[in-house]
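K.L.:
Here you go, query_39.txt (compact mmCIF, C-alpha atoms):
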```
# COMPACT_ATOMS: atom_id res chain seq x y z
CA MET F 4 17.62 12.79 3.11
CA THR F 5 14.97 11.34 0.82
CA GLN F 6 11.69 12.92 1.87
CA ARG F 7 9.24 10.31 3.03
CA HIS F 8 5.67 11.06 2.00
CA TRP F 9 3.75 9.91 5.05
CA PHE F 10 0.30 10.59 3.66
CA GLN F 11 -0.71 9.00 0.37
CA ALA F 12 -4.41 8.74 -0.38
CA ARG F 13 -5.47 5.14 -0.96
CA THR F 14 -8.62 4.34 -2.85
CA LEU F 15 -11.02 2.02 -1.06
CA LEU F 16 -13.47 -0.12 -3.01
CA ILE F 17 -16.28 2.40 -2.44
CA PRO F 18 -15.75 5.84 -4.03
CA ALA F 19 -15.31 8.87 -1.80
CA GLU F 20 -18.75 10.31 -2.59
CA ASN F 21 -21.31 10.03 0.20
CA ASN F 22 -23.33 6.88 -0.49
CA GLY F 23 -26.28 7.92 1.63
CA GLU F 24 -24.99 6.63 4.98
CA THR F 25 -25.95 8.97 7.80
CA GLN F 26 -25.03 6.90 10.85
CA THR F 27 -22.70 8.50 13.37
CA ILE F 28 -19.80 6.91 15.20
CA ASN F 29 -22.03 6.76 18.29
CA ASP F 30 -24.57 4.76 16.27
CA VAL F 31 -21.79 2.31 15.41
CA ILE F 32 -20.83 1.99 19.09
CA LEU F 33 -24.47 1.29 20.03
CA LYS F 34 -24.77 -1.39 17.31
CA PHE F 35 -21.46 -2.86 18.44
CA SER F 36 -22.61 -2.98 22.08
CA LYS F 37 -25.83 -4.71 21.07
CA LEU F 38 -23.98 -7.21 18.88
CA VAL F 39 -21.72 -8.42 21.70
CA LYS F 40 -24.23 -7.76 24.53
CA LYS F 41 -21.87 -5.47 26.44
CA GLN F 42 -22.44 -5.24 30.19
CA VAL F 43 -24.01 -1.92 31.15
CA ALA F 44 -22.50 -2.12 34.63
CA TYR F 45 -19.01 -3.42 35.32
CA GLU F 46 -19.43 -6.94 36.72
CA PRO F 47 -16.16 -8.83 36.11
CA GLU F 48 -17.33 -11.99 37.91
CA LYS F 49 -20.44 -12.31 35.76
CA ASN F 50 -19.81 -14.43 32.68
CA GLU F 51 -22.65 -14.82 30.19
CA ARG F 52 -20.64 -15.89 27.12
CA GLU F 53 -19.30 -19.36 27.90
CA HIS F 54 -22.23 -21.09 26.15
CA LEU F 55 -21.20 -19.41 22.88
CA LEU F 56 -18.11 -21.64 22.64
CA GLN F 57 -20.23 -24.44 21.18
CA ILE F 58 -21.19 -22.49 18.05
CA LEU F 59 -17.63 -21.58 17.05
CA PRO F 60 -16.44 -23.39 13.90
CA LYS F 61 -13.76 -26.07 14.05
CA LYS F 62 -12.43 -25.30 10.58
CA GLN F 63 -12.69 -22.47 8.07
CA SER F 64 -14.60 -24.57 5.52
CA GLU F 65 -17.64 -24.50 7.85
CA LEU F 66 -18.01 -20.77 7.21
CA PRO F 67 -19.21 -19.00 4.05
CA SER F 68 -16.72 -16.91 2.11
CA ARG F 69 -17.11 -13.14 2.42
CA ARG F 70 -16.42 -10.30 0.01
CA MET F 71 -14.56 -7.11 0.85
CA LEU F 72 -17.74 -5.14 0.19
CA ASP F 73 -19.54 -7.14 2.90
CA SER F 74 -17.49 -5.37 5.55
CA TYR F 75 -17.57 -1.87 4.07
CA ASP F 76 -19.10 0.83 6.24
CA SER F 77 -18.92 4.53 6.95
CA ALA F 78 -19.77 6.73 9.92
CA ILE F 79 -19.89 10.45 10.62
CA VAL F 80 -18.41 12.37 13.54
CA PRO F 81 -20.91 15.27 13.45
CA LEU F 82 -18.70 18.12 14.62
CA ALA F 83 -20.54 20.71 12.51
CA SER F 84 -23.91 20.18 14.19
CA ASP F 85 -23.06 18.91 17.69
CA ILE F 86 -21.45 21.67 19.76
CA TYR F 87 -20.94 19.41 22.81
CA LEU F 88 -19.17 16.78 20.73
CA ARG F 89 -17.09 19.51 19.12
CA GLU F 90 -15.77 20.56 22.52
CA ARG F 91 -14.59 17.00 23.22
CA TYR F 92 -12.60 16.95 19.98
CA ARG F 93 -11.29 20.51 19.88
CA THR F 94 -7.71 21.34 20.91
CA TYR F 95 -6.85 24.65 22.52
CA HIS F 96 -5.14 25.68 19.26
CA ASN F 97 -8.35 25.00 17.30
CA THR F 98 -7.58 21.70 15.59
CA VAL F 99 -8.99 18.20 16.18
CA ARG F 100 -7.50 16.08 18.96
CA VAL F 101 -5.66 13.23 17.25
CA GLY F 102 -6.16 11.10 20.36
CA ARG F 103 -9.94 11.31 20.08
CA LEU F 104 -9.71 10.32 16.42
CA LEU F 105 -7.57 7.30 17.36
CA GLU F 106 -10.31 6.13 19.73
CA ASP F 107 -12.86 6.32 16.92
CA LEU F 108 -10.57 4.58 14.43
CA ASP F 109 -9.93 1.72 16.83
CA VAL F 110 -13.59 0.98 17.53
CA PHE F 111 -14.48 1.44 13.84
CA ALA F 112 -11.79 -1.02 12.70
CA VAL F 113 -13.16 -3.65 15.10
CA TRP F 114 -16.69 -2.95 13.86
CA LEU F 115 -15.64 -3.57 10.24
CA CYS F 116 -14.25 -6.96 11.24
CA TYR F 117 -17.50 -7.90 12.96
CA LYS F 118 -19.27 -7.06 9.70
CA HIS F 119 -16.95 -9.50 7.93
CA VAL F 120 -17.66 -12.50 10.18
CA LYS F 121 -20.81 -14.52 9.57
CA ASN F 122 -21.53 -17.72 11.47
CA PRO F 123 -24.46 -19.86 10.21
CA LYS F 124 -24.83 -21.41 13.68
CA GLN F 125 -25.44 -18.05 15.34
CA ARG F 126 -29.12 -17.23 15.90
CA PRO F 127 -30.29 -13.63 15.37
CA GLU F 128 -30.98 -13.19 19.08
CA ASP F 129 -27.54 -14.51 20.12
CA PRO F 130 -24.59 -12.23 20.83
CA SER F 131 -21.59 -12.72 18.59
CA PRO F 132 -19.44 -15.66 19.72
CA TYR F 133 -16.33 -13.73 18.67
CA SER F 134 -14.14 -11.38 20.67
CA ILE F 135 -12.33 -9.31 18.06
CA VAL F 136 -9.49 -7.16 19.37
CA THR F 137 -6.82 -4.92 17.90
CA ALA F 138 -3.45 -6.68 17.75
CA LEU F 139 -1.44 -4.06 15.89
CA VAL F 140 -1.79 -0.63 14.37
CA ASP F 141 0.40 -1.05 11.31
CA GLN F 142 0.36 2.61 10.34
CA ILE F 143 -1.74 5.76 10.41
CA ASN F 144 -0.76 8.61 8.10
CA PHE F 145 -1.87 12.20 8.49
CA GLY F 146 -2.29 14.85 5.82
CA LYS F 147 -3.20 18.34 6.97
CA ASP F 148 -4.74 19.15 10.35
CA LEU F 149 -8.46 18.56 10.71
CA LYS F 150 -10.77 21.45 11.58
CA PRO F 151 -12.98 21.13 14.67
CA ASP F 152 -16.13 22.67 13.15
CA PHE F 153 -16.59 20.46 10.07
CA ASP F 154 -17.93 16.90 9.96
CA ILE F 155 -15.49 13.99 9.83
CA ARG F 156 -16.26 10.74 8.03
CA LEU F 157 -14.67 7.34 8.70
CA ARG F 158 -14.75 4.76 5.88
CA GLY F 159 -13.19 1.36 5.45
CA HIS F 160 -13.42 -2.38 4.94
CA VAL F 161 -11.49 -5.58 5.57
CA THR F 162 -8.66 -5.95 3.04
CA TRP F 163 -6.89 -9.16 4.13
CA VAL F 164 -7.91 -12.26 6.09
CA GLY F 165 -5.97 -15.17 7.55
CA THR F 166 -7.35 -18.01 9.66
CA SER F 167 -8.05 -15.91 12.75
CA SER F 168 -6.54 -12.53 11.87
CA LEU F 169 -7.76 -9.67 9.71
CA GLU F 170 -6.47 -6.43 8.25
CA ALA F 171 -8.82 -3.44 8.05
CA SER F 172 -7.98 -0.40 5.93
CA LEU F 173 -9.56 2.92 6.88
CA GLU F 174 -9.75 6.44 5.51
CA VAL F 175 -10.74 9.65 7.27
CA ASP F 176 -12.40 12.40 5.27
CA GLN F 177 -13.45 15.90 6.25
CA GLN F 178 -16.21 17.88 4.63
CA LEU F 179 -15.12 21.19 3.15
CA GLU F 180 -17.15 24.40 3.10
CA SER F 181 -18.15 23.53 -0.47
CA GLY F 182 -19.75 20.31 0.79
CA GLU F 183 -17.13 18.08 -0.84
CA TRP F 184 -15.27 15.43 1.14
CA HIS F 185 -11.47 15.49 1.26
CA THR F 186 -9.38 12.52 2.47
CA VAL F 187 -6.93 13.63 5.16
CA THR F 188 -5.90 10.46 7.00
CA ASN F 189 -5.59 6.75 6.32
CA GLY F 190 -4.60 3.80 8.43
CA THR F 191 -4.16 0.05 8.60
CA PHE F 192 -5.18 -2.05 11.60
CA VAL F 193 -4.46 -5.72 12.23
CA LEU F 194 -7.01 -7.49 14.40
CA VAL F 195 -7.43 -10.99 15.79
CA ALA F 196 -10.55 -13.03 16.44
CA ARG F 197 -10.71 -14.71 19.84
CA ASP F 198 -13.21 -17.07 21.44
CA PRO F 199 -16.08 -15.61 23.52
CA LEU F 200 -13.99 -15.85 26.70
CA ASN F 201 -11.02 -14.14 25.00
CA LYS F 202 -8.77 -17.06 25.91
CA GLY F 203 -7.92 -18.59 22.52
CA SER F 204 -8.06 -17.87 18.80
CA ALA F 205 -11.25 -18.32 16.78
CA ILE F 206 -11.59 -19.24 13.10
CA ILE F 207 -13.17 -16.62 10.83
CA ASN F 208 -14.66 -16.51 7.34
CA PRO F 209 -12.28 -16.70 4.37
CA LEU F 210 -12.10 -13.72 2.02
CA ILE F 211 -13.05 -14.16 -1.62
CA ILE F 212 -11.27 -11.98 -4.20
CA GLU F 213 -13.48 -11.01 -7.14
CA THR F 214 -11.91 -8.04 -8.95
CA GLU F 215 -8.49 -6.65 -9.84
CA LYS F 216 -9.01 -3.83 -7.35
CA GLU F 217 -9.73 -6.34 -4.59
CA LYS F 218 -6.65 -8.32 -5.61
CA GLU F 219 -4.59 -5.14 -5.32
CA CYS F 220 -5.92 -4.53 -1.79
CA TYR F 221 -5.29 -8.14 -0.78
CA LEU F 222 -1.74 -8.21 -2.15
CA ARG F 223 -0.99 -5.00 -0.26
CA GLY F 224 -2.11 -6.81 2.88
CA GLU F 225 0.23 -9.71 2.05
CA GLU F 226 3.12 -7.28 1.55
CA ASN F 227 2.30 -5.59 4.86
CA LYS F 228 2.44 -8.97 6.61
CA LYS F 229 5.82 -9.82 5.03
CA ARG F 230 7.21 -6.41 5.99
CA ARG F 231 6.10 -6.84 9.60
CA LEU F 232 7.69 -10.30 9.80
CA LEU F 233 10.95 -8.94 8.36
CA MET F 234 10.99 -6.06 10.85
CA GLU F 235 10.38 -8.52 13.68
CA ARG F 236 13.23 -10.80 12.54
CA GLU F 237 15.64 -7.86 12.21
CA SER F 238 14.58 -6.17 15.45
CA LEU F 239 17.41 -4.86 17.63
CA ILE F 240 15.97 -7.03 20.40
CA LYS F 241 16.89 -10.11 18.32
CA LEU F 242 19.84 -9.07 16.13
CA PRO F 243 22.80 -6.73 16.69
CA PRO F 244 22.94 -3.45 14.73
CA SER F 245 24.15 -3.58 11.14
CA GLU F 246 27.73 -2.58 10.29
CA ASP F 247 26.56 0.87 9.15
CA GLU F 248 24.61 1.32 12.37
CA ARG F 249 27.61 0.30 14.49
CA GLN F 250 29.79 2.80 12.64
CA LEU F 251 27.15 5.46 13.21
CA ILE F 252 26.94 4.84 16.95
CA HIS F 253 30.73 4.99 17.24
CA LYS F 254 30.74 8.27 15.31
CA VAL F 255 28.07 9.68 17.62
CA PHE F 256 30.07 8.50 20.65
CA LEU F 257 33.26 10.18 19.43
CA LYS F 258 31.40 13.47 19.08
CA THR F 259 30.82 13.41 22.85
CA ILE F 260 34.46 12.79 23.82
CA ASP F 261 36.63 15.69 24.99
CA PRO F 262 39.72 15.50 22.71
CA ALA F 263 41.78 17.38 25.28
CA ALA F 264 41.09 14.83 28.02
CA VAL F 265 42.15 11.78 25.98
CA SER F 266 39.71 9.73 28.05
CA PHE F 267 36.51 7.82 27.47
CA LYS F 268 35.20 8.94 30.86
CA SER F 269 34.93 12.63 30.04
CA ARG F 270 31.76 13.23 28.00
CA LEU F 271 30.82 16.55 26.40
CA LEU F 272 27.53 17.55 24.85
CA PRO F 273 28.07 18.74 21.25
CA PRO F 274 26.50 22.04 20.17
CA ASN F 275 22.80 22.02 19.30
CA THR F 276 22.20 18.62 20.91
CA VAL F 277 20.43 17.29 24.01
CA TRP F 278 21.25 14.20 26.04
CA MET F 279 18.54 11.59 25.50
CA GLU F 280 18.05 11.30 29.25
CA ASN F 281 16.85 14.91 29.20
CA ALA F 282 14.31 14.35 26.40
CA LYS F 283 11.78 12.32 28.37
CA LEU F 284 8.30 12.77 29.78
CA LYS F 285 6.26 10.42 31.99
CA ASN F 286 2.67 9.98 33.13
CA MET F 287 0.57 7.52 35.12
CA PHE F 288 -3.10 6.50 34.90
CA ILE F 289 -5.39 4.47 37.10
CA CYS F 290 -7.40 2.28 34.73
CA HIS F 291 -11.02 2.75 35.81
CA PRO F 292 -14.03 0.75 34.51
CA GLN F 293 -15.11 3.85 32.55
CA ASN F 294 -12.28 3.12 30.08
CA ARG F 295 -13.08 -0.56 29.51
CA ASN F 296 -13.96 -2.11 26.17
CA MET F 297 -16.73 -4.55 25.26
CA TYR F 298 -14.83 -7.41 26.92
CA ASN F 299 -14.07 -5.68 30.25
CA LYS F 300 -10.45 -4.94 29.36
CA ILE F 301 -9.04 -1.43 28.99
CA PHE F 302 -10.02 0.00 25.60
CA GLY F 303 -7.10 0.05 23.16
CA GLY F 304 -8.25 3.39 21.78
CA PHE F 305 -7.89 4.90 25.25
CA LEU F 306 -4.33 3.60 25.46
CA MET F 307 -3.54 5.10 22.06
CA ARG F 308 -5.07 8.44 23.01
CA VAL F 309 -3.12 8.90 26.25
CA ALA F 310 0.12 7.72 24.60
CA CYS F 311 -0.43 10.06 21.64
CA GLU F 312 -1.05 13.07 23.88
CA LEU F 313 2.02 12.29 25.99
CA ALA F 314 4.17 11.99 22.83
CA TRP F 315 2.81 15.31 21.55
CA ALA F 316 3.58 17.01 24.87
CA ASN F 317 7.07 15.47 24.90
CA ALA F 318 7.76 16.80 21.40
CA TYR F 319 6.37 20.23 22.35
CA VAL F 320 8.53 20.53 25.48
CA PHE F 321 11.61 19.25 23.64
CA SER F 322 11.30 21.43 20.53
CA LYS F 323 9.70 24.47 22.23
CA CYS F 324 7.52 24.70 19.13
CA MET F 325 3.97 23.48 18.39
CA PRO F 326 4.29 19.99 16.83
CA ARG F 327 2.06 18.36 14.24
CA MET F 328 1.43 14.62 14.00
CA LEU F 329 2.71 13.07 10.75
CA HIS F 330 2.66 9.34 11.25
CA ILE F 331 1.90 6.64 13.80
CA ASP F 332 3.11 3.10 13.33
CA ASP F 333 4.11 -0.16 14.92
CA ILE F 334 1.69 0.00 17.84
CA LEU F 335 1.78 -3.56 19.14
CA PHE F 336 -0.72 -4.65 21.79
CA ARG F 337 1.35 -7.29 23.58
CA LYS F 338 -1.16 -8.15 26.30
CA PRO F 339 -4.50 -6.79 27.55
CA VAL F 340 -4.57 -4.17 30.29
CA GLU F 341 -6.89 -5.14 33.12
CA VAL F 342 -9.36 -2.78 34.77
CA GLY F 343 -7.80 -1.49 37.99
CA SER F 344 -4.25 -1.54 36.64
CA LEU F 345 -1.73 1.21 37.30
CA LEU F 346 -0.56 2.22 33.84
CA TYR F 347 2.86 3.87 33.56
CA LEU F 348 3.66 5.72 30.33
CA ALA F 349 7.24 6.74 29.50
CA SER F 350 7.89 8.94 26.46
CA GLN F 351 11.31 9.46 24.87
CA VAL F 352 12.45 11.55 21.92
CA ALA F 353 14.35 8.73 20.24
CA TYR F 354 15.63 10.37 17.07
CA VAL F 355 15.64 13.75 15.34
CA TYR F 356 16.25 14.70 11.74
CA GLY F 357 15.84 18.35 10.78
CA ASN F 358 12.39 19.39 11.96
CA ARG F 359 11.10 15.86 12.53
CA MET F 360 11.11 13.85 15.73
CA VAL F 361 10.51 10.17 16.43
CA VAL F 362 8.91 9.83 19.86
CA ARG F 363 8.73 6.39 21.44
CA VAL F 364 6.20 5.72 24.21
CA SER F 365 6.25 2.55 26.29
CA ALA F 366 3.29 1.49 28.43
CA GLU F 367 3.78 -0.70 31.47
CA VAL F 368 1.36 -2.14 33.98
CA VAL F 369 2.77 -1.88 37.49
CA ASN F 370 1.85 -4.11 40.41
CA ALA F 371 1.94 -1.70 43.33
CA GLU F 372 2.35 -4.48 45.90
CA SER F 373 5.14 -6.46 44.25
CA GLY F 374 6.68 -3.62 42.24
CA LYS F 375 6.67 -5.80 39.11
CA HIS F 376 6.52 -3.99 35.73
CA ASP F 377 4.96 -5.69 32.68
CA LEU F 378 5.35 -4.09 29.24
CA THR F 379 2.00 -3.99 27.43
CA ASN F 380 2.57 -1.63 24.50
CA ASN F 381 5.18 0.26 22.51
CA PHE F 382 4.06 3.24 20.43
CA TYR F 383 5.97 5.17 17.77
CA PHE F 384 4.94 8.68 16.75
CA ILE F 385 6.56 10.92 14.15
CA LEU F 386 5.94 14.64 14.58
CA GLU F 387 7.24 17.75 12.87
CA VAL F 388 7.61 21.44 13.72
CA ASP F 389 8.27 24.56 11.64
CA ARG F 390 11.99 24.78 12.39
CA GLU F 391 14.98 22.54 12.98
CA VAL F 392 15.28 21.18 16.50
CA PRO F 393 18.30 19.94 18.49
CA LYS F 394 19.43 16.38 17.91
CA VAL F 395 19.39 13.83 20.72
CA MET F 396 22.61 12.16 21.86
CA PRO F 397 22.74 8.73 23.53
CA LYS F 398 25.03 8.11 26.51
CA SER F 399 24.43 4.43 27.26
CA TYR F 400 24.19 1.35 25.05
CA GLU F 401 20.47 1.10 25.85
CA GLU F 402 19.95 4.67 24.65
CA ALA F 403 22.00 3.93 21.53
CA MET F 404 19.62 1.07 20.67
CA ILE F 405 16.59 3.34 21.20
CA PHE F 406 18.32 5.93 18.98
CA LEU F 407 18.83 3.37 16.18
CA ASP F 408 15.31 2.02 16.59
CA GLY F 409 13.90 5.52 16.21
CA ARG F 410 16.11 6.13 13.17
CA ARG F 411 14.77 2.98 11.51
CA HIS F 412 11.23 4.30 11.91
CA LEU F 413 12.08 7.59 10.23
CA ALA F 414 14.63 6.85 7.51
CA GLU F 415 13.99 5.56 4.03
CA PRO F 416 16.73 3.08 3.05
CA GLU F 417 18.05 5.30 0.26
CA GLY F 418 18.19 8.25 2.62
CA THR F 419 20.32 6.72 5.38
CA ALA F 420 23.69 7.83 4.01
CA GLU F 421 22.67 11.46 4.05
CA ILE F 422 21.27 11.12 7.57
CA THR F 423 24.58 9.67 8.73
CA SER F 424 26.59 12.44 7.08
CA LYS F 425 24.66 15.11 8.95
CA LEU F 426 25.16 13.65 12.43
```
Take the structure I supplied and represent it as C-alpha cells, if you would.
P.N.:
Amino acid sequence: MTQRHWFQARTLLIPAENNGETQTINDVILKFSKLVKKQVAYEPEKNEREHLLQILPKKQSELPSRRMLDSYDSAIVPLASDIYLRERYRTYHNTVRVGRLLEDLDVFAVWLCYKHVKNPKQRPEDPSPYSIVTALVDQINFGKDLKPDFDIRLRGHVTWVGTSSLEASLEVDQQLESGEWHTVTNGTFVLVARDPLNKGSAIINPLIIETEKEKECYLRGEENKKRRLLMERESLIKLPPSEDERQLIHKVFLKTIDPAAVSFKSRLLPPNTVWMENAKLKNMFICHPQNRNMYNKIFGGFLMRVACELAWANAYVFSKCMPRMLHIDDILFRKPVEVGSLLYLASQVAYVYGNRMVVRVSAEVVNAESGKHDLTNNFYFILEVDREVPKVMPKSYEEAMIFLDGRRHLAEPEGTAEITSKL
C-alpha cells in the first residue's frame, strides 16, 4: 500500500516565529463573547439580535474587500505555566487530549472568520450581525503527540471566501525545551455566515488576492471545494460501488463461506478477523446549557471532543493496544444540536489496514417521547497502533457499504490494488 503522509507542514502567510502575540485561547473566547454579546445565563426565549437584520448587506459589493492578513491571529494554550489548565488537557498516559484541542481549534477557526468580516453599517457598540458556524471540518492532520507540560500555539487565517462561506487554515505549534516552536498539527475548517437569528445565509466580505503566496492558498481552497463536491457526487449514498469495489466485497464475502457446506447461509469468520458487528462502541449524552455555543446551540467543539474520545476508546478496545490519532476528516455538521437534546453516539471500526484503523462515529439526536432519530453528524477518525490488528469483516450489505466507505477514507488511489490483494 502506498503510505499516505497524513501530516505535511503547510506554511501560513505569517512565519512560524512568535510575532509578539501573548493572548491566550481564553482571551480569544472572551473577545468572541463580547463581539457577539453572548448571554451569560441561558435564556432561550430572550432574543436581542433581531434588530441586527437591518444592517446586513444585500449584496457583496456593499462590503469592503479583505486581505488574508486581516484575519490572521494566534493564541497560546499556556500549559507550561497554568497547572490547572494542564490537568484539563492531560491524558492519563501523559499526552495532550486531542478532544480538548479540537474544542480550541473549532472556536479559533470561527474567531478568524469574525476577524475577516467587516460591515461599515455596524457601529462599534453593536454586536456582530453575523452568526458564523462550522459547517465542515475538511481535515485535521497530526504529527507526533503533544506534550502536556509545554505551551501550545494556534495560528491561522482565512484562505478562501465564497458569498457566505469561508475556509480557515490553522496550524498548531508546540514550544520545545529550547524555546523554539515546532508545528505538529494542521487543519482546514469550512464555515458559513448566517443572519443574526441563525435562520438564513448572510453575505460576507470578498477576499482580495495580492501575492503569489496568497494565490497558492486560495487555489488550494478551490481544489478542496472541488474535491468535496466530487466526493459528495460519488458517495455510496448516491451511487453504487465501483466495479473494483463490487469485486472486493464479493471476495470478502467468499472468505466467510464454509466450502464444505456449499451454502450461502453458513458463515465462518476467517482467521485474524472480527465481525464488524463486534467492533462497535456506543455512548449517550444529555446536552446541557453548559455545552452551548454563542448562539445557544450545542458547541460543535464539544461534539467533536466526545466523538473523538469515543473513537479512540473503540480503537483501543478493538486493537487491545494504545492508539494514536493520525487524521480526522469529513466531519459534516448537518444540523444544529439543540440544548436539552439526547445525543446518541455510535462508533464503528469501519476498515483496517495493517496497524491503521478507520473509525466512523455517527451522532444522532433522539426524541425520547416519539423515539425519532435524527442524524446530525458523521465523523471519521484514522488511528494507528504499534502492531498489526485484526481486519473487520462485514456480514450485511449495510456493513459492506460502511466497510467501503472506511476504505475510501484510508486508501490512496494508487494503493488500492495492494489493499485488495491483502484482504
K.L.:
With distances taken over only C-alpha atoms, which of F:Arg156, F:Arg69, F:Lys258, F:His96 is nearest to Ile28 in chain F?
P.N.:
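That would be F:Arg156, the residue with the smallest distance to Ile28 in chain F.
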K.L.:
Using all atoms listed in the file for the distances, tell me which of F:Asp408, F:Asp176, F:Glu226, F:Asp129 is nearest to Ile240 in chain F.
P.N.:
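Under the stated criterion, the closest residue is F:Asp408.
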K.L.:
Looking at F:Gly224, F:Pro67, F:Gly102, F:Gly343, which one is nearest to Leu169 in chain F, with distances taken over only C-alpha atoms?
P.N.:
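That would be F:Gly224, the residue with the smallest distance to Leu169 in chain F.
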K.L.:
Name the residues, using the chain letters and numbers of the file, that sit within 10 Å of (-2.2, 7.9, 37.0) when counting only C-alpha atoms, and give them as a PyMOL selection string.
P.N.:
chain F and resi 286-290+344-348
K.L.:
Atoms to include: C-alpha atoms. Write the selected residues as a PDB file, in the coordinates of the input.
P.N.:
```pdb
ATOM      1  CA  ASN F 286       2.670   9.980  33.130  1.00  0.00           C
ATOM      2  CA  MET F 287       0.570   7.520  35.120  1.00  0.00           C
ATOM      3  CA  PHE F 288      -3.100   6.500  34.900  1.00  0.00           C
ATOM      4  CA  ILE F 289      -5.390   4.470  37.100  1.00  0.00           C
ATOM      5  CA  CYS F 290      -7.400   2.280  34.730  1.00  0.00           C
ATOM      6  CA  SER F 344      -4.250  -1.540  36.640  1.00  0.00           C
ATOM      7  CA  LEU F 345      -1.730   1.210  37.300  1.00  0.00           C
ATOM      8  CA  LEU F 346      -0.560   2.220  33.840  1.00  0.00           C
ATOM      9  CA  TYR F 347       2.860   3.870  33.560  1.00  0.00           C
ATOM     10  CA  LEU F 348       3.660   5.720  30.330  1.00  0.00           C
TER      11      LEU F 348
END
```
K.L.:
May I have the residues within 6 Å of Thr98 in chain F as an MDAnalysis selection string, using all atoms listed in the file and disregarding those fewer than 3 positions away in the same chain?
P.N.:
chainID F and resid 93:94 149:151
K.L.:
Which protein, DNA or RNA residues are at most 12 Å from (-10.3, -15.9, 7.5) in the file's coordinates when you count only C-alpha atoms, listed as a PyMOL selection string?
P.N.:
chain F and resi 60+62-71+116+119-121+161-170+194-196+204-211
K.L.:
Find the residues near Val255 in chain F: any atom within 12 Å, counting all atoms listed in the file, skip ones fewer than 6 places away on the same chain, and give them as a list in words.
P.N.:
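Residues meeting the cut-off are Glu248, Arg249, Arg270, Leu271, Leu272, Pro273, Thr276, Trp278, Lys394, Val395, Met396, Pro397, Lys398, Ser399, Tyr400, Glu402, Ala403, Phe406, Leu407, Thr423, Ser424, Lys425 and Leu426 of chain F.
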K.L.:
Within 10 Å of Cys311 in chain F, counting only C-alpha atoms, which residues show up once you throw out same-chain ones fewer than 2 positions away? Write them as number ranges by chain, please.
P.N.:
F: 100-103, 105, 305-309, 313-317, 328, 331, 350, 362-364, 382-384
K.L.:
Rounded to one decimal place, report the CA of Leu173 in chain F-CA of His160 in chain F distance in Å.
P.N.:
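Here the two named atoms are 6.8 Å from each other.
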K.L.:
Restricting the calculation to all atoms listed in the file, which member of F:Thr27, F:Ser131, F:Thr137, F:Asn122 is positioned closest to Leu88 in chain F?
P.N.:
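Ranking F:Thr27, F:Ser131, F:Thr137, F:Asn122 by distance to Leu88 in chain F, first place goes to F:Thr27.
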K.L.:
So that I can check the surroundings of Gly190 in chain F, please list as a PDB file with C-alpha atoms, in the coordinates of the input every protein, DNA and RNA residue that reaches within 9 Å of it, counting all atoms listed in the file and ignoring chain neighbours fewer than 2 positions away.
P.N.:
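Resulting contents of part_10.pdb:
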```pdb
ATOM      1  CA  LEU F 108     -10.570   4.580  14.430  1.00  0.00           C
ATOM      2  CA  VAL F 140      -1.790  -0.630  14.370  1.00  0.00           C
ATOM      3  CA  ASP F 141       0.400  -1.050  11.310  1.00  0.00           C
ATOM      4  CA  GLN F 142       0.360   2.610  10.340  1.00  0.00           C
ATOM      5  CA  ILE F 143      -1.740   5.760  10.410  1.00  0.00           C
ATOM      6  CA  ASN F 144      -0.760   8.610   8.100  1.00  0.00           C
ATOM      7  CA  PHE F 145      -1.870  12.200   8.490  1.00  0.00           C
ATOM      8  CA  ALA F 171      -8.820  -3.440   8.050  1.00  0.00           C
ATOM      9  CA  SER F 172      -7.980  -0.400   5.930  1.00  0.00           C
ATOM     10  CA  LEU F 173      -9.560   2.920   6.880  1.00  0.00           C
ATOM     11  CA  GLU F 174      -9.750   6.440   5.510  1.00  0.00           C
ATOM     12  CA  VAL F 175     -10.740   9.650   7.270  1.00  0.00           C
ATOM     13  CA  THR F 188      -5.900  10.460   7.000  1.00  0.00           C
ATOM     14  CA  PHE F 192      -5.180  -2.050  11.600  1.00  0.00           C
ATOM     15  CA  ILE F 331       1.900   6.640  13.800  1.00  0.00           C
TER      16      ILE F 331
END
```
K.L.:
For Ala83 in chain F, which residue among F:Val193, F:Met297, F:Leu251, F:Ile155 is the nearest when counting only C-alpha atoms?
P.N.:
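Looking only at the distances to Ala83 in chain F, the closest residue turns out to be F:Ile155.
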K.L.:
What is the distance between CA of Lys40 in chain F and CA of Ile135 in chain F, in Å to one decimal?
P.N.:
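Going from CA of Lys40 in chain F over to CA of Ile135 in chain F covers 13.6 Å.
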K.L.:
Mind giving me the straight-line distance from CA of Ile79 in chain F to CA of Thr25 in chain F in Å, one decimal?
P.N.:
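We find that CA of Ile79 in chain F and CA of Thr25 in chain F lie 6.8 Å from each other.
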K.L.:
For each of F:Glu312, F:Asp85, F:Asp73, F:Glu367, take the minimum atom-to-atom distance to Arg337 in chain F, counting only C-alpha atoms, then give the residue where this is smallest.
P.N.:
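Residue with the minimum atom-to-atom distance to Arg337 in chain F: F:Glu367.
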